[in-house]
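> Take this structure, written in structure tokens, and hold onto it; I'll ask about it next.
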Amino acid sequence: MPPEGRRRASTVKVTDRSRRTRRPNSGGVRSITRPPLPRRSLAPPPRHGLWVTRVDVRLDVRPRRVGHSSIGCASPGRDGTCPGPCPSAPPCALRGSNFVTLPALTPVRPDDEPRTSPTLRLPLVVGNTPLVRIDRPFTADDRGFWAKLEGFNPGGIKDRPALHMIRRARERGDLADGARIVESTSGTLGLGLALAGIAYGHPVTLVSDPGMEPLMQRMLRAYGAELHTVDQPCREGGWQEARRRAVRHILAGDPSAYCPDQYHNPDNVASYAPMAHELLEQTGGLDVLVCSVGTGGHSAGLSAVLREHQPHLRVVGVDAVGSTIFGQPARPRLMRGLGSSILPRNVAYPMFDEVHWVAPAEAVWACRRLAATTYASGGWSVGAVGLVSSWVARTSAPGTRIVAVFPDGPQRYFDTVYNDEFCRTNELLDADPRPDPDLIEHTSHREVTRWTRCTTVTDPAGPAAARRR
Ligand SMILES: Cc1ncc(COP(=O)(O)O)c(C=O)c1O
């Protein structure tokens, strides 16, 4: 929920006891009014350019008495301030208290950085995403999990690697000033690269396939990217390989162009180090990390840093049925974002304790149930990760601290996951998922077609490839 999410955050309704009024026929219910905003947010915007205002909404583990201390408190006390452990919320599994806080509005002032430099300004709107508790009724009981809402980034989770890969390529001299960025994308990285292109002053050419949602195509073009769509899948590697071939073709015609190659670029992995530190700060420590796997970037980057601090961390990977990443045969897939029909070198196989494959109908069920019961939802990968995380929560010891990464918000999927006609046509509404996944001993034992897990995770390319990683 990128921009909407931020706006919503800034308009959280709270009771302002100094200004409450009684409406006629309100049945004793007090009208809820917004508290006055801090003065500085009312200052006029700068004459040139955009004045970006950050608002962080967090479920935090400590009360932060900042500026307007009670704004955002779920259950303010009589004086309107946060009274301490929230009576209305179950205790935080992490540290025993649970506060919704809205740190003070922190405008990025035009004076803080050179006015002419989006290079410094734009990256500031990426990161520091909120963590929200997901439990009953989405999970079976109070054993819930924490969701890291990467949809609060302007374009989603891939804003982080896009900015980092481009910054590093420029530093190394692989990408000259003004040279073109060319990449294959199913959408999310495209949004991130469009952002990076504007931030660092590069034209962006993206290659996608007919599965890209019309909304995403229009957004990418609106953000200034040139979009090419391949029209035939390759026999080996499907649409993904067709897109990569088209990228190679474009690169061959433009010697100065640069392709970040997100599947194999270690900067993709490294870009998640700050997010790992955000998680450590927000949770104070975690026991289980649940991540979807596409290029392998965020699962590898987060688990590498988190394991340094929490060697016992259990990492659960979530893949799509029909994806070849963990050794299953590659099949045409409806789900986008997670899964792959090639073997990305960024996947850190030794980091995973287990992998789950999820089918599209199961992800749709979870997306819709998440949306209806928690408001925190997203696309295919969010549904798949949510489904698996609720199972991890139910089957782990009470008090286990579980974090799930939700890579994006729901808007992009209004015509797929959240469209009844699309779902009916693709037989995605037929049944609720079973409470437990099937179990296979080894990924080579059989092809999976529905929610299944496996606790033996090996590199399908074999030990030699594993040593090269
Ligand atoms: C929406 C979405 N979810 C999940 C993923 C998988 O993340 P990663 O590539 O870091 O493995 C992606 C990757 O593009 C994505 O776009």
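Each chain of the structure tokens is named A, B, ... in the order shown, its residues numbered from 1; ligands are numbered from 1 in display order.
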To test your reading of the structure, identify every residue in stretch 230-352 of chain A that backbone DSSP assigns to alpha helix (DSSP H), and report it as a PyMOL selection string.
chain A and resi 238-252+266-270+273-283+297-309
> Neighbours of A:Val448 within 8 Å (only C-alpha atoms; same-chain residues fewer than 3 positions away dropped), as an mmCIF file with C-alpha atoms, in the first residue's frame?

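Result went into out_20.cif, see below:
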data_model
loop_
_atom_site.group_PDB
_atom_site.id
_atom_site.type_symbol
_atom_site.label_atom_id
_atom_site.label_comp_id
_atom_site.auth_asym_id
_atom_site.auth_seq_id
_atom_site.Cartn_x
_atom_site.Cartn_y
_atom_site.Cartn_z
ATOM 1 C CA VAL A 321 4.038 -24.231 -7.074
ATOM 2 C CA GLY A 322 5.585 -24.606 -10.558
ATOM 3 C CA GLN A 328 10.797 -28.688 -8.710
ATOM 4 C CA TRP A 357 5.423 -24.271 -2.044
ATOM 5 C CA TRP A 451 0.740 -26.330 -0.341
ATOM 6 C CA THR A 452 3.662 -28.592 0.555
#
> Which residue is closest to ligand 1? Choose from A:Leu280, A:Val230, A:Ala246, A:Leu191 and count only C-alpha atoms and all ligand atoms.
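Smallest separation from ligand 1 among the options: A:Leu191.
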> Enumerate as a ChimeraX atom specification the residues within 10 Å of ligand 1, counting only C-alpha atoms and all ligand atoms.
/A:150-151,155-158,161,185-191,262-263,268-269,272,291-302,317-319,335-340,344,346-347,378-385,405-410,412
> Please produce a file of those selected residues containing C-alpha atoms, as a short mmCIF file (atom, residue, chain, number, x, y, z; two decimals), in the first residue's frame.

data_model
loop_
_atom_site.label_atom_id
_atom_site.label_comp_id
_atom_site.auth_asym_id
_atom_site.auth_seq_id
_atom_site.Cartn_x
_atom_site.Cartn_y
_atom_site.Cartn_z
CA GLU A 150 7.38 -3.33 2.54
CA GLY A 151 4.41 -2.00 0.60
CA GLY A 155 7.16 1.03 -5.15
CA GLY A 156 7.41 -1.93 -2.77
CA ILE A 157 10.25 -4.07 -1.48
CA LYS A 158 12.38 -3.67 -4.64
CA PRO A 161 17.78 -3.21 -4.13
CA THR A 185 11.02 -7.35 -14.45
CA SER A 186 7.61 -8.65 -13.48
CA GLY A 187 6.91 -5.20 -12.07
CA THR A 188 8.19 -4.49 -8.57
CA LEU A 189 11.84 -4.05 -9.50
CA GLY A 190 10.67 -1.94 -12.44
CA LEU A 191 9.07 0.52 -10.04
CA GLN A 262 18.86 -8.77 -10.14
CA TYR A 263 18.93 -12.59 -10.23
CA ASN A 268 20.63 -7.07 -4.61
CA VAL A 269 21.38 -9.23 -1.54
CA TYR A 272 18.76 -5.68 2.57
CA CYS A 291 10.34 -14.84 3.22
CA SER A 292 9.09 -15.40 -0.29
CA VAL A 293 11.78 -16.30 -2.81
CA GLY A 294 12.04 -14.92 -6.35
CA THR A 295 15.56 -13.74 -7.08
CA GLY A 296 16.51 -14.83 -3.55
CA GLY A 297 17.62 -11.30 -2.71
CA HIS A 298 15.71 -10.43 0.43
CA SER A 299 15.79 -13.89 2.03
CA ALA A 300 19.59 -14.08 1.51
CA GLY A 301 20.31 -10.50 2.57
CA LEU A 302 18.12 -10.53 5.67
CA GLY A 317 11.41 -19.92 2.37
CA VAL A 318 8.13 -19.61 0.45
CA ASP A 319 8.07 -20.50 -3.22
CA MET A 335 1.64 -16.06 -9.44
CA ARG A 336 4.11 -13.24 -9.95
CA GLY A 337 6.87 -11.92 -7.72
CA LEU A 338 7.81 -15.13 -5.97
CA GLY A 339 9.02 -18.20 -7.89
CA SER A 340 11.27 -18.48 -10.91
CA PRO A 344 19.06 -17.37 -9.57
CA ASN A 346 21.35 -15.04 -5.31
CA VAL A 347 19.37 -17.79 -3.59
CA GLY A 378 -0.90 -7.54 -0.70
CA GLY A 379 -0.29 -9.74 -3.72
CA TRP A 380 0.60 -13.35 -4.42
CA SER A 381 3.75 -13.38 -2.30
CA VAL A 382 2.01 -11.69 0.64
CA GLY A 383 -0.75 -14.30 0.57
CA ALA A 384 1.70 -17.19 0.34
CA VAL A 385 3.90 -15.81 3.13
CA VAL A 405 8.10 -10.10 5.00
CA PHE A 406 5.13 -8.69 3.06
CA PRO A 407 6.79 -7.40 -0.16
CA ASP A 408 4.01 -5.15 -1.45
CA GLY A 409 0.45 -3.92 -1.01
CA PRO A 410 -2.80 -4.99 -2.68
CA ARG A 412 -1.64 -3.82 -8.13
#
> Counting only C-alpha atoms, what is within 10 Å of A:Leu251, bar same-chain residues fewer than 6 positions away, as a ChimeraX atom specification?
/A:180-183,245,257-259
> How would the residues just picked look written out with N, CA and C atoms as a short mmCIF file (atom, residue, chain, number, x, y, z; two decimals), in the first residue's frame?

data_model
loop_
_atom_site.label_atom_id
_atom_site.label_comp_id
_atom_site.auth_asym_id
_atom_site.auth_seq_id
_atom_site.Cartn_x
_atom_site.Cartn_y
_atom_site.Cartn_z
N ARG A 180 21.88 4.37 -19.94
CA ARG A 180 20.58 3.70 -19.81
C ARG A 180 20.66 2.48 -18.87
N ILE A 181 19.60 2.31 -18.09
CA ILE A 181 19.45 1.10 -17.27
C ILE A 181 18.46 0.19 -18.00
N VAL A 182 18.82 -1.08 -18.16
CA VAL A 182 17.94 -2.03 -18.86
C VAL A 182 17.76 -3.25 -17.96
N GLU A 183 16.52 -3.69 -17.75
CA GLU A 183 16.32 -4.84 -16.86
C GLU A 183 15.02 -5.57 -17.21
N ARG A 245 16.45 -12.66 -22.63
CA ARG A 245 17.02 -12.59 -23.99
C ARG A 245 16.78 -11.23 -24.60
N ALA A 257 24.74 0.99 -22.09
CA ALA A 257 23.63 0.60 -21.20
C ALA A 257 24.11 -0.40 -20.15
N TYR A 258 23.40 -0.40 -19.03
CA TYR A 258 23.79 -1.26 -17.91
C TYR A 258 22.58 -2.07 -17.44
N CYS A 259 22.80 -3.36 -17.22
CA CYS A 259 21.74 -4.22 -16.69
C CYS A 259 22.11 -4.65 -15.28
#
> Please report as JSON lines every residue of stretch 399-459 of chain A lying within 12 Å of stretch 197-221 of chain A, along with the nearest atom pair and their distance in Å (one decimal), using only C-alpha atoms.

{"residue": "A:Gln411", "atom": "CA", "partner": "A:Leu215", "partner_atom": "CA", "distance": 9.0}
{"residue": "A:Arg412", "atom": "CA", "partner": "A:Leu215", "partner_atom": "CA", "distance": 6.6}
{"residue": "A:Tyr413", "atom": "CA", "partner": "A:Glu213", "partner_atom": "CA", "distance": 7.9}
{"residue": "A:Phe414", "atom": "CA", "partner": "A:Leu215", "partner_atom": "CA", "distance": 9.2}
{"residue": "A:Asp415", "atom": "CA", "partner": "A:Glu213", "partner_atom": "CA", "distance": 7.9}
{"residue": "A:Thr416", "atom": "CA", "partner": "A:Glu213", "partner_atom": "CA", "distance": 8.4}
{"residue": "A:Val417", "atom": "CA", "partner": "A:Glu213", "partner_atom": "CA", "distance": 11.3}
> Would you mind exporting C-alpha atoms of the selected residues as a PDB file, in the first residue's frame?

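As a result, again13.pdb now contains:
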ATOM      1  CA  GLN A 411      -3.517  -2.243  -5.249  1.00  0.00           C
ATOM      2  CA  ARG A 412      -1.643  -3.820  -8.133  1.00  0.00           C
ATOM      3  CA  TYR A 413      -3.718  -6.994  -7.759  1.00  0.00           C
ATOM      4  CA  PHE A 414      -7.194  -5.476  -7.950  1.00  0.00           C
ATOM      5  CA  ASP A 415      -7.746  -7.235 -11.284  1.00  0.00           C
ATOM      6  CA  THR A 416      -6.268 -10.598 -10.341  1.00  0.00           C
ATOM      7  CA  VAL A 417      -6.173 -11.709  -6.708  1.00  0.00           C
TER       8      VAL A 417
END
> Quick check, in Å to one decimal: how far apart do atom CA of A:Gly462 and atom CA of A:Ala320 lie?
21.0 Å
> In Å, how far is it from atom CA of A:Glu241 to atom CA of A:Phe422?
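Going from atom CA of A:Glu241 over to atom CA of A:Phe422, I get 25.9 Å.
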> Which is closest to A:Thr129 among A:Leu279, A:Ala252, A:Leu193, A:Ala225, if we use only C-alpha atoms?
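Under the stated criterion, the closest residue is A:Leu279.
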> May I ask for the distance between atom CA of A:Ala376 and atom CA of A:Arg121, given in Å to one decimal place?
27.9 Å
> Would you mind telling me which residue in A:Val288, A:Arg172, A:Ala273, A:Pro266 lies nearest to A:Ala397 when using only C-alpha atoms?
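Ranked by minimum distance to A:Ala397, first place goes to A:Val288.
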> Give the strand (DSSP E) residues of stretch 273-363 of chain A, as assigned by DSSP on the backbone, as a short mmCIF file (atom, residue, chain, number, x, y, z; two decimals) with C-alpha atoms, in the first residue's frame.

data_model
loop_
_atom_site.label_atom_id
_atom_site.label_comp_id
_atom_site.auth_asym_id
_atom_site.auth_seq_id
_atom_site.Cartn_x
_atom_site.Cartn_y
_atom_site.Cartn_z
CA VAL A 288 11.78 -17.23 12.75
CA LEU A 289 11.95 -15.33 9.47
CA VAL A 290 9.47 -16.17 6.71
CA CYS A 291 10.34 -14.84 3.22
CA SER A 292 9.09 -15.40 -0.29
CA ARG A 314 15.03 -20.36 11.64
CA VAL A 315 14.54 -19.28 8.02
CA VAL A 316 11.46 -20.47 6.13
CA GLY A 317 11.41 -19.92 2.37
CA VAL A 318 8.13 -19.61 0.45
CA ASP A 319 8.07 -20.50 -3.22
CA ALA A 320 5.31 -20.89 -5.81
CA GLU A 354 12.68 -25.42 5.19
CA VAL A 355 10.79 -24.43 2.07
CA HIS A 356 7.05 -24.29 1.39
CA TRP A 357 5.42 -24.27 -2.04
CA VAL A 358 2.06 -22.55 -2.26
#
> Just want the 10 Å neighbourhood of A:Glu441, counted on only C-alpha atoms, with same-chain residues fewer than 6 positions away dropped. Output as a tab-separated table (two decimals) with C-alpha atoms, in the first residue's frame.

chain	number	residue	atom	x	y	z
A	453	ARG	CA	6.74	-28.30	2.72
A	454	CYS	CA	10.18	-29.87	2.74
A	455	THR	CA	12.84	-29.60	5.43
A	456	THR	CA	15.74	-30.71	3.24
A	457	VAL	CA	16.86	-27.74	1.22
